[in-house]
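Coordinates as given in entry_20.txt (compact mmCIF, C-alpha atoms):
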# COMPACT_ATOMS: atom_id res chain seq x y z
CA MET A 1 27.48 -11.44 117.78
CA SER A 2 27.00 -10.12 114.27
CA SER A 3 25.44 -6.77 113.57
CA PRO A 4 21.97 -6.52 111.94
CA ASP A 5 23.58 -5.16 108.78
CA ALA A 6 25.97 -8.11 108.35
CA ASP A 7 23.73 -9.89 105.85
CA VAL A 8 22.79 -6.83 103.86
CA VAL A 9 24.07 -6.97 100.28
CA PRO A 10 26.11 -3.95 99.23
CA PRO A 11 24.19 -1.88 96.70
CA ASP A 12 26.98 -2.08 94.10
CA GLU A 13 27.25 -5.90 94.18
CA VAL A 14 26.24 -7.55 90.88
CA PHE A 15 24.76 -11.02 90.88
CA PRO A 16 25.79 -13.38 88.03
CA PRO A 17 23.02 -14.39 85.60
CA THR A 18 21.47 -17.84 85.75
CA LEU A 19 21.76 -20.30 82.87
CA ARG A 20 18.05 -19.86 82.19
CA GLU A 21 18.46 -16.10 81.88
CA VAL A 22 21.26 -16.51 79.37
CA MET A 23 19.24 -19.01 77.30
CA LEU A 24 16.29 -16.58 77.13
CA ARG A 25 18.37 -13.78 75.64
CA PRO A 26 17.46 -12.88 72.02
CA ARG A 27 20.81 -14.08 70.72
CA TRP A 28 20.41 -17.59 72.05
CA ILE A 29 16.73 -17.76 71.15
CA GLY A 30 17.82 -17.01 67.58
CA VAL A 31 20.41 -19.79 67.74
CA LEU A 32 17.71 -22.11 69.08
CA ALA A 33 15.46 -21.22 66.14
CA LEU A 34 18.28 -22.09 63.73
CA CYS A 35 18.81 -25.42 65.51
CA LEU A 36 15.08 -26.12 65.22
CA VAL A 37 15.28 -25.65 61.46
CA ILE A 38 18.32 -27.92 61.20
CA ALA A 39 16.70 -30.56 63.42
CA GLY A 40 13.55 -30.37 61.31
CA VAL A 41 15.56 -31.09 58.16
CA PHE A 42 17.27 -34.04 59.88
CA ALA A 43 13.89 -35.34 61.08
CA TRP A 44 12.49 -35.14 57.54
CA LEU A 45 15.47 -37.05 56.18
CA GLY A 46 15.01 -39.70 58.87
CA GLN A 47 11.33 -40.04 58.02
CA TRP A 48 12.22 -40.36 54.32
CA GLN A 49 14.72 -43.13 55.06
CA LEU A 50 12.17 -44.89 57.27
CA GLY A 51 9.60 -44.68 54.49
CA ARG A 52 12.03 -46.37 52.11
CA ALA A 53 12.72 -49.11 54.65
CA LEU A 54 9.04 -49.93 55.08
CA GLN A 55 7.73 -50.96 51.70
CA SER A 56 4.22 -49.67 51.28
CA ASN A 57 3.60 -51.90 48.29
CA PRO A 58 5.74 -55.05 48.61
CA ILE A 59 5.66 -57.40 45.69
CA PRO A 60 3.28 -60.37 46.09
CA PRO A 61 4.77 -63.63 47.40
CA GLY A 62 6.25 -65.70 44.60
CA ALA A 63 6.35 -62.78 42.15
CA THR A 64 10.12 -63.17 41.70
CA GLU A 65 9.50 -66.70 40.34
CA VAL A 66 7.42 -65.45 37.41
CA VAL A 67 9.80 -64.98 34.48
CA GLN A 68 9.80 -61.38 33.22
CA PRO A 69 11.54 -59.81 30.23
CA LEU A 70 14.83 -58.26 31.35
CA ALA A 71 13.89 -54.85 29.95
CA ASP A 72 10.71 -54.81 32.08
CA VAL A 73 12.65 -55.34 35.32
CA ALA A 74 15.73 -53.13 34.95
CA ALA A 75 17.33 -50.66 32.57
CA PRO A 76 20.96 -50.52 31.44
CA GLY A 77 23.18 -48.50 33.74
CA GLU A 78 20.65 -48.44 36.59
CA TYR A 79 20.57 -50.24 39.92
CA VAL A 80 17.95 -52.95 40.38
CA PRO A 81 15.21 -51.89 42.83
CA GLU A 82 15.51 -53.86 46.09
CA PRO A 83 12.20 -55.77 45.73
CA LEU A 84 13.27 -57.03 42.30
CA VAL A 85 16.71 -58.37 43.22
CA GLY A 86 16.57 -62.09 42.45
CA GLN A 87 13.76 -61.73 39.93
CA ARG A 88 13.73 -64.44 37.25
CA VAL A 89 14.22 -62.78 33.86
CA THR A 90 14.66 -63.79 30.26
CA ALA A 91 16.71 -62.16 27.52
CA THR A 92 17.38 -62.86 23.87
CA GLY A 93 20.70 -62.25 22.18
CA THR A 94 24.09 -63.68 21.23
CA TRP A 95 27.39 -64.40 22.96
CA ILE A 96 30.34 -62.15 22.12
CA PRO A 97 33.43 -64.23 21.25
CA GLY A 98 36.52 -63.59 23.32
CA ASP A 99 34.60 -62.55 26.44
CA PHE A 100 34.20 -65.81 28.36
CA ILE A 101 35.95 -65.00 31.63
CA VAL A 102 36.51 -67.11 34.74
CA VAL A 103 35.62 -65.70 38.17
CA SER A 104 37.07 -67.46 41.21
CA SER A 105 35.97 -67.76 44.86
CA ARG A 106 32.44 -68.79 43.87
CA PHE A 107 30.55 -70.99 46.30
CA ASN A 108 27.91 -73.48 45.20
CA ASP A 109 26.00 -75.10 48.06
CA GLY A 110 29.00 -74.52 50.33
CA ALA A 111 31.65 -75.80 47.89
CA GLU A 112 34.20 -73.29 46.58
CA GLY A 113 34.86 -73.21 42.86
CA TYR A 114 34.69 -71.07 39.73
CA TRP A 115 32.11 -69.41 37.51
CA VAL A 116 32.40 -69.06 33.77
CA THR A 117 30.90 -65.76 32.66
CA GLY A 118 30.15 -64.23 29.28
CA GLN A 119 29.03 -61.05 27.55
CA PHE A 120 25.50 -61.52 26.23
CA ARG A 121 24.60 -58.95 23.58
CA ILE A 122 20.88 -58.18 23.69
CA ALA A 123 19.04 -58.58 20.39
CA GLU A 124 17.14 -55.37 19.68
CA GLU A 125 14.37 -55.12 17.09
CA VAL A 126 15.45 -51.54 16.38
CA PRO A 127 19.15 -51.40 17.32
CA ALA A 128 19.74 -47.79 18.39
CA GLN A 129 22.62 -48.59 20.76
CA PRO A 130 24.30 -51.92 21.59
CA VAL A 131 23.32 -53.29 24.99
CA SER A 132 24.93 -56.18 26.89
CA VAL A 133 24.38 -58.00 30.15
CA ALA A 134 26.92 -60.09 32.05
CA VAL A 135 25.85 -63.70 32.52
CA ALA A 136 27.18 -66.24 35.02
CA ILE A 137 26.83 -69.35 32.85
CA GLY A 138 27.75 -72.12 35.29
CA TRP A 139 29.96 -73.41 38.09
CA VAL A 140 32.77 -75.99 38.36
CA PRO A 141 35.02 -76.93 41.29
CA THR A 142 38.40 -76.49 39.55
CA ARG A 143 40.06 -73.81 37.45
CA GLU A 144 41.06 -76.36 34.81
CA GLU A 145 37.43 -77.31 34.24
CA ALA A 146 36.43 -73.66 34.11
CA LEU A 147 39.08 -72.84 31.50
CA ALA A 148 38.07 -75.86 29.44
CA ALA A 149 34.41 -74.83 29.52
CA ALA A 150 35.33 -71.26 28.57
CA ALA A 151 37.32 -72.56 25.58
CA GLU A 152 34.38 -74.71 24.46
CA LEU A 153 31.97 -71.78 24.74
CA GLU A 154 34.43 -69.67 22.74
CA GLU A 155 34.43 -72.21 19.90
CA GLN A 156 30.64 -72.37 19.89
CA ALA A 157 30.30 -68.58 19.82
CA ARG A 158 32.72 -68.21 16.92
CA ALA A 159 31.04 -71.03 15.00
CA ALA A 160 27.58 -69.56 15.50
CA GLY A 161 28.28 -66.41 13.50
CA SER A 162 26.03 -63.39 13.19
CA ASP A 163 23.48 -65.02 10.90
CA ASP A 164 22.27 -67.61 13.41
CA ALA A 165 19.04 -67.04 15.32
CA PRO A 166 19.46 -65.30 18.69
CA LEU A 167 19.53 -67.42 21.82
CA ALA A 168 17.20 -67.09 24.80
CA ILE A 169 18.55 -67.34 28.34
CA THR A 170 16.69 -67.41 31.64
CA GLY A 171 18.07 -66.76 35.10
CA ARG A 172 17.98 -64.61 38.22
CA LEU A 173 18.87 -60.94 38.05
CA ILE A 174 21.41 -60.21 40.80
CA SER A 175 23.00 -56.94 41.87
CA ASP A 176 26.59 -56.09 41.03
CA GLU A 177 28.97 -57.24 43.77
CA GLY A 178 31.36 -54.40 43.04
CA PRO A 179 35.02 -54.66 41.98
CA VAL A 180 37.85 -55.14 44.48
CA PRO A 181 41.58 -54.42 44.14
CA PRO A 182 43.60 -57.45 42.98
CA SER A 183 45.56 -59.41 45.54
CA ARG A 184 49.25 -58.54 45.71
CA ALA A 185 50.17 -62.14 46.44
CA GLY A 186 48.09 -63.74 43.68
CA ASP A 187 47.39 -63.20 40.00
CA PRO A 188 46.65 -59.48 39.44
CA LEU A 189 44.24 -60.42 36.63
CA GLU A 190 42.20 -62.84 38.75
CA LEU A 191 38.60 -61.79 39.40
CA THR A 192 37.03 -62.81 42.69
CA ARG A 193 33.82 -60.74 42.51
CA MET A 194 31.01 -60.86 39.99
CA SER A 195 31.15 -57.27 38.82
CA PRO A 196 29.91 -56.24 35.35
CA ALA A 197 32.02 -53.07 35.69
CA ALA A 198 35.18 -55.16 36.12
CA LEU A 199 34.18 -57.52 33.32
CA LEU A 200 33.49 -54.58 31.00
CA SER A 201 37.13 -53.53 31.24
CA ARG A 202 38.08 -56.89 29.67
CA TRP A 203 35.31 -57.27 27.12
CA HIS A 204 35.69 -56.75 23.36
CA ASP A 205 33.47 -54.81 20.97
CA VAL A 206 32.45 -52.24 23.60
CA ALA A 207 32.39 -49.06 21.49
CA GLY A 208 29.20 -47.18 22.40
CA LEU A 209 28.08 -50.13 24.53
CA ASP A 210 25.44 -49.76 27.25
CA VAL A 211 25.68 -52.36 30.04
CA TYR A 212 23.34 -53.55 32.76
CA ARG A 213 24.67 -52.97 36.28
CA ALA A 214 23.19 -56.26 37.44
CA TYR A 215 24.05 -59.68 36.05
CA ILE A 216 22.08 -62.83 35.27
CA ALA A 217 22.82 -66.15 36.99
CA ALA A 218 21.76 -68.59 34.27
CA GLU A 219 19.40 -71.42 35.23
CA VAL A 220 20.57 -73.76 32.46
CA PRO A 221 24.38 -74.21 32.36
CA LEU A 222 26.30 -74.78 29.12
CA ALA A 223 29.46 -76.60 28.05
CA GLY A 224 29.35 -79.20 30.81
CA LEU A 225 29.15 -76.66 33.62
CA GLN A 226 27.04 -77.24 36.71
CA ALA A 227 23.98 -75.14 37.52
CA ILE A 228 24.60 -72.20 39.83
CA SER A 229 22.77 -72.50 43.13
CA SER A 230 20.48 -69.45 43.20
CA PRO A 231 17.44 -69.94 45.43
CA ALA A 232 14.45 -67.63 45.44
CA PRO A 233 15.01 -64.48 47.54
CA ALA A 234 13.41 -64.47 50.96
CA ASP A 235 10.64 -61.99 51.58
CA ALA A 236 12.17 -59.00 53.35
CA PRO A 237 9.73 -56.10 53.81
CA LEU A 238 12.29 -54.21 55.91
CA ASN A 239 15.43 -52.62 54.58
CA TRP A 240 17.65 -52.54 57.67
CA LEU A 241 20.23 -50.29 56.05
CA ASN A 242 17.61 -47.56 55.58
CA ILE A 243 16.45 -48.03 59.19
CA PHE A 244 20.05 -47.52 60.33
CA TYR A 245 20.25 -44.31 58.29
CA ALA A 246 16.93 -43.13 59.81
CA LEU A 247 18.35 -43.64 63.31
CA GLU A 248 21.46 -41.70 62.30
CA TRP A 249 19.36 -38.70 61.23
CA ALA A 250 17.47 -38.84 64.56
CA VAL A 251 20.80 -38.72 66.41
CA PHE A 252 21.88 -35.74 64.30
CA ALA A 253 18.63 -33.93 65.14
CA GLY A 254 19.23 -34.49 68.86
CA PHE A 255 22.80 -33.30 68.51
CA ALA A 256 21.56 -29.98 67.05
CA PHE A 257 19.75 -29.24 70.34
CA TYR A 258 22.70 -30.41 72.40
CA LEU A 259 24.97 -28.08 70.44
CA TRP A 260 22.69 -25.12 71.27
CA TYR A 261 22.67 -26.06 74.95
CA ARG A 262 26.44 -26.53 75.04
CA LEU A 263 27.14 -23.18 73.35
CA ALA A 264 24.74 -21.33 75.66
CA ARG A 265 26.20 -23.00 78.75
CA ASP A 266 29.75 -22.15 77.65
CA ALA A 267 28.72 -18.50 77.21
CA TRP A 268 27.05 -18.49 80.65
CA GLU A 269 30.08 -20.05 82.34
CA LYS A 270 32.39 -17.53 80.70
CA GLU A 271 30.18 -14.62 81.76
CA VAL A 272 30.04 -15.86 85.35
CA GLU A 273 33.80 -16.39 85.41
CA ASP A 274 34.47 -12.90 84.01
CA LEU A 275 32.14 -11.35 86.57
CA GLU A 276 33.78 -13.20 89.45
CA ASP A 277 37.22 -12.15 88.22
CA ALA A 278 36.07 -8.51 88.00
CA GLN A 279 34.63 -8.60 91.50
CA ALA A 280 37.80 -10.21 92.89
CA ALA A 281 39.92 -7.57 91.21
CA ALA A 282 37.70 -4.79 92.64
CA GLU A 283 37.87 -6.24 96.14
CA ASP A 284 41.64 -6.59 95.87
CA ALA A 285 41.99 -2.98 94.73
CA GLN A 286 39.72 -1.79 97.55
CA ALA A 287 41.76 -3.72 100.12
CA ARG A 288 44.98 -2.20 98.90
CA GLY A 289 43.47 1.28 98.89
Translate this file's structure into structure tokens.
Amino acid sequence: MSSPDADVVPPDEVFPPTLREVMLRPRWIGVLALCLVIAGVFAWLGQWQLGRALQSNPIPPGATEVVQPLADVAAPGEYVPEPLVGQRVTATGTWIPGDFIVVSSRFNDGAEGYWVTGQFRIAEEVPAQPVSVAVAIGWVPTREEALAAAAELEEQARAAGSDDAPLAITGRLISDEGPVPPSRAGDPLELTRMSPAALLSRWHDVAGLDVYRAYIAAEVPLAGLQAISSPAPADAPLNWLNIFYALEWAVFAGFAFYLWYRLARDAWEKEVEDLEDAQAAAEDAQARG
């Protein structure tokens, strides 16, 4: 039978702190305050991305089908705002000889073929700086036809001269597809993406030139080319990429609190372990003594 004093705790025994006690210490409250600031910044960034995804003033239905002057829709060197991608635009200018380039891997209503592209120099009333826009002129199913059309366009551009009246073109304004590295197996000079940046590296007469980032898919083909299939853009009030970014920022905000909890718990576990080790060492020393 145990004595009445068997369950009495020795006066020198130290109890380990609880996790709650450790979290309420000034040090960890300060860390929590820092995490709150970081999470607040992440939450603001997520709200900003969500605001960009939800268009507060979407363009009216059918607005992209109303032809607008190119300069009213986009500016050289700038990205086209998402609601205006696919907008029908018009521009006046001349073709630059030597810059009719074939782009492969172009699909037209499901059929693979080639585009013939050209540098279209914008006619300015007060020419302060030359400005050009890349134009996809038309589509054909074979490279031979594309090269023949490019040669014909070259002859017409050289014959036109600088004294002829500027031409007017109409088409859809489409975002740059971005350049890609050339294939090692194929022709290193072959272009498979419609990228004004890649075309610019092959154009002539580019000293001081300003270029539109987007390109125009012409509605009326030239030199026997076929019209490029470019339907009206579908109404899309949501930008899913921005929504994805907003969710990412929310995850980051949650991770800031988890990081505080994990650091505090690690400190608590270490403190408890050190205390248990100290007590075990004291008991061992007392037993030996």
Record the distance separating atom CA of Pro17 of chain A and atom CA of Ala278 of chain A, expressed in Å with one decimal. 14.5 Å
Where's the centre, and what are the edge lengths in Å to one decimal, of a box along x, y and z enclosing all listed atoms of segment 214-217 of chain A padded 8 Å per side, as lines of an AutoDock Vina configuration file?
center_x = 23.1
center_y = -61.2
center_z = 36.4
size_x = 18.0
size_y = 25.9
size_z = 18.2
Please provide as a list in words all residues within 10 Å of Arg88 of chain A, with the sequence filter that same-chain residues fewer than 3 positions apart are discarded (counting all atoms listed in the file).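 Final neighbour list, sorted by chain and number: Ala63, Thr64, Glu65, Val66, Val67, Gln68, Pro69, Leu70, Val73, Leu84, Val85, Thr170, Gly171, Arg172, Leu173, Ile174, Ile216, Ala217, Ala218, Glu219 and Ala232 of chain A.
Among the candidates A:Ala246, A:Ala253, A:Val102, A:Ala264, the residue lying nearest to Leu24 of chain A is A:Ala264 (atoms considered: all atoms listed in the file).
Taking only C-alpha atoms into account, Trp95 of chain A lies nearest to A:Ala160 out of the set A:Ala43, A:Ala160, A:Ala75, A:Ala149.
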Supply segment 144-155 of chain A as a PDB file, in the frame of the given file, with all heavy atoms built in where the input has gaps.
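Result written to part.pdb:
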ATOM      1  N   GLU A 144      40.842 -75.668  36.076  1.00  0.00           N
ATOM      2  CA  GLU A 144      41.060 -76.360  34.810  1.00  0.00           C
ATOM      3  C   GLU A 144      39.740 -76.625  34.102  1.00  0.00           C
ATOM      4  O   GLU A 144      39.616 -76.427  32.880  1.00  0.00           O
ATOM      5  CB  GLU A 144      41.807 -77.671  35.052  1.00  0.00           C
ATOM      6  CG  GLU A 144      43.261 -77.515  35.498  1.00  0.00           C
ATOM      7  CD  GLU A 144      43.388 -77.025  36.930  1.00  0.00           C
ATOM      8  OE1 GLU A 144      42.392 -77.137  37.681  1.00  0.00           O
ATOM      9  OE2 GLU A 144      44.476 -76.523  37.297  1.00  0.00           O
ATOM     10  N   GLU A 145      38.738 -77.076  34.850  1.00  0.00           N
ATOM     11  CA  GLU A 145      37.430 -77.310  34.240  1.00  0.00           C
ATOM     12  C   GLU A 145      36.799 -76.018  33.751  1.00  0.00           C
ATOM     13  O   GLU A 145      36.144 -75.982  32.702  1.00  0.00           O
ATOM     14  CB  GLU A 145      36.505 -77.994  35.258  1.00  0.00           C
ATOM     15  CG  GLU A 145      36.916 -79.413  35.624  1.00  0.00           C
ATOM     16  CD  GLU A 145      36.036 -79.974  36.723  1.00  0.00           C
ATOM     17  OE1 GLU A 145      36.195 -79.559  37.892  1.00  0.00           O
ATOM     18  OE2 GLU A 145      35.165 -80.817  36.405  1.00  0.00           O
ATOM     19  N   ALA A 146      36.991 -74.940  34.508  1.00  0.00           N
ATOM     20  CA  ALA A 146      36.430 -73.660  34.110  1.00  0.00           C
ATOM     21  C   ALA A 146      37.071 -73.155  32.822  1.00  0.00           C
ATOM     22  O   ALA A 146      36.376 -72.674  31.911  1.00  0.00           O
ATOM     23  CB  ALA A 146      36.624 -72.634  35.233  1.00  0.00           C
ATOM     24  N   LEU A 147      38.390 -73.280  32.713  1.00  0.00           N
ATOM     25  CA  LEU A 147      39.080 -72.840  31.500  1.00  0.00           C
ATOM     26  C   LEU A 147      38.680 -73.687  30.303  1.00  0.00           C
ATOM     27  O   LEU A 147      38.517 -73.170  29.182  1.00  0.00           O
ATOM     28  CB  LEU A 147      40.583 -72.883  31.717  1.00  0.00           C
ATOM     29  CG  LEU A 147      41.146 -71.894  32.750  1.00  0.00           C
ATOM     30  CD1 LEU A 147      42.633 -72.127  32.973  1.00  0.00           C
ATOM     31  CD2 LEU A 147      40.888 -70.457  32.307  1.00  0.00           C
ATOM     32  N   ALA A 148      38.500 -74.985  30.530  1.00  0.00           N
ATOM     33  CA  ALA A 148      38.070 -75.860  29.440  1.00  0.00           C
ATOM     34  C   ALA A 148      36.673 -75.500  28.968  1.00  0.00           C
ATOM     35  O   ALA A 148      36.393 -75.478  27.751  1.00  0.00           O
ATOM     36  CB  ALA A 148      38.136 -77.324  29.896  1.00  0.00           C
ATOM     37  N   ALA A 149      35.766 -75.220  29.899  1.00  0.00           N
ATOM     38  CA  ALA A 149      34.410 -74.830  29.520  1.00  0.00           C
ATOM     39  C   ALA A 149      34.404 -73.494  28.790  1.00  0.00           C
ATOM     40  O   ALA A 149      33.664 -73.307  27.815  1.00  0.00           O
ATOM     41  CB  ALA A 149      33.533 -74.761  30.769  1.00  0.00           C
ATOM     42  N   ALA A 150      35.246 -72.560  29.240  1.00  0.00           N
ATOM     43  CA  ALA A 150      35.330 -71.260  28.570  1.00  0.00           C
ATOM     44  C   ALA A 150      35.830 -71.427  27.137  1.00  0.00           C
ATOM     45  O   ALA A 150      35.346 -70.759  26.214  1.00  0.00           O
ATOM     46  CB  ALA A 150      36.243 -70.326  29.352  1.00  0.00           C
ATOM     47  N   ALA A 151      36.805 -72.315  26.927  1.00  0.00           N
ATOM     48  CA  ALA A 151      37.320 -72.560  25.580  1.00  0.00           C
ATOM     49  C   ALA A 151      36.236 -73.176  24.693  1.00  0.00           C
ATOM     50  O   ALA A 151      36.108 -72.826  23.503  1.00  0.00           O
ATOM     51  CB  ALA A 151      38.531 -73.483  25.650  1.00  0.00           C
ATOM     52  N   GLU A 152      35.454 -74.097  25.248  1.00  0.00           N
ATOM     53  CA  GLU A 152      34.380 -74.710  24.460  1.00  0.00           C
ATOM     54  C   GLU A 152      33.313 -73.682  24.084  1.00  0.00           C
ATOM     55  O   GLU A 152      32.820 -73.664  22.950  1.00  0.00           O
ATOM     56  CB  GLU A 152      33.746 -75.843  25.265  1.00  0.00           C
ATOM     57  CG  GLU A 152      32.639 -76.575  24.517  1.00  0.00           C
ATOM     58  CD  GLU A 152      32.075 -77.744  25.305  1.00  0.00           C
ATOM     59  OE1 GLU A 152      32.737 -78.190  26.271  1.00  0.00           O
ATOM     60  OE2 GLU A 152      30.964 -78.209  24.959  1.00  0.00           O
ATOM     61  N   LEU A 153      32.948 -72.831  25.035  1.00  0.00           N
ATOM     62  CA  LEU A 153      31.970 -71.780  24.740  1.00  0.00           C
ATOM     63  C   LEU A 153      32.504 -70.806  23.690  1.00  0.00           C
ATOM     64  O   LEU A 153      31.753 -70.316  22.842  1.00  0.00           O
ATOM     65  CB  LEU A 153      31.630 -71.017  26.028  1.00  0.00           C
ATOM     66  CG  LEU A 153      30.791 -71.789  27.051  1.00  0.00           C
ATOM     67  CD1 LEU A 153      30.787 -71.056  28.387  1.00  0.00           C
ATOM     68  CD2 LEU A 153      29.368 -71.970  26.542  1.00  0.00           C
ATOM     69  N   GLU A 154      33.805 -70.557  23.729  1.00  0.00           N
ATOM     70  CA  GLU A 154      34.430 -69.670  22.740  1.00  0.00           C
ATOM     71  C   GLU A 154      34.294 -70.261  21.335  1.00  0.00           C
ATOM     72  O   GLU A 154      33.936 -69.550  20.382  1.00  0.00           O
ATOM     73  CB  GLU A 154      35.895 -69.463  23.115  1.00  0.00           C
ATOM     74  CG  GLU A 154      36.676 -68.589  22.156  1.00  0.00           C
ATOM     75  CD  GLU A 154      36.249 -67.138  22.224  1.00  0.00           C
ATOM     76  OE1 GLU A 154      35.681 -66.733  23.256  1.00  0.00           O
ATOM     77  OE2 GLU A 154      36.477 -66.422  21.239  1.00  0.00           O
ATOM     78  N   GLU A 155      34.558 -71.547  21.204  1.00  0.00           N
ATOM     79  CA  GLU A 155      34.430 -72.210  19.900  1.00  0.00           C
ATOM     80  C   GLU A 155      32.994 -72.151  19.399  1.00  0.00           C
ATOM     81  O   GLU A 155      32.740 -71.890  18.221  1.00  0.00           O
ATOM     82  CB  GLU A 155      34.901 -73.664  20.007  1.00  0.00           C
ATOM     83  CG  GLU A 155      36.399 -73.812  20.264  1.00  0.00           C
ATOM     84  CD  GLU A 155      36.803 -75.275  20.369  1.00  0.00           C
ATOM     85  OE1 GLU A 155      35.917 -76.139  20.176  1.00  0.00           O
ATOM     86  OE2 GLU A 155      37.982 -75.545  20.647  1.00  0.00           O
TER      87      GLU A 155
END
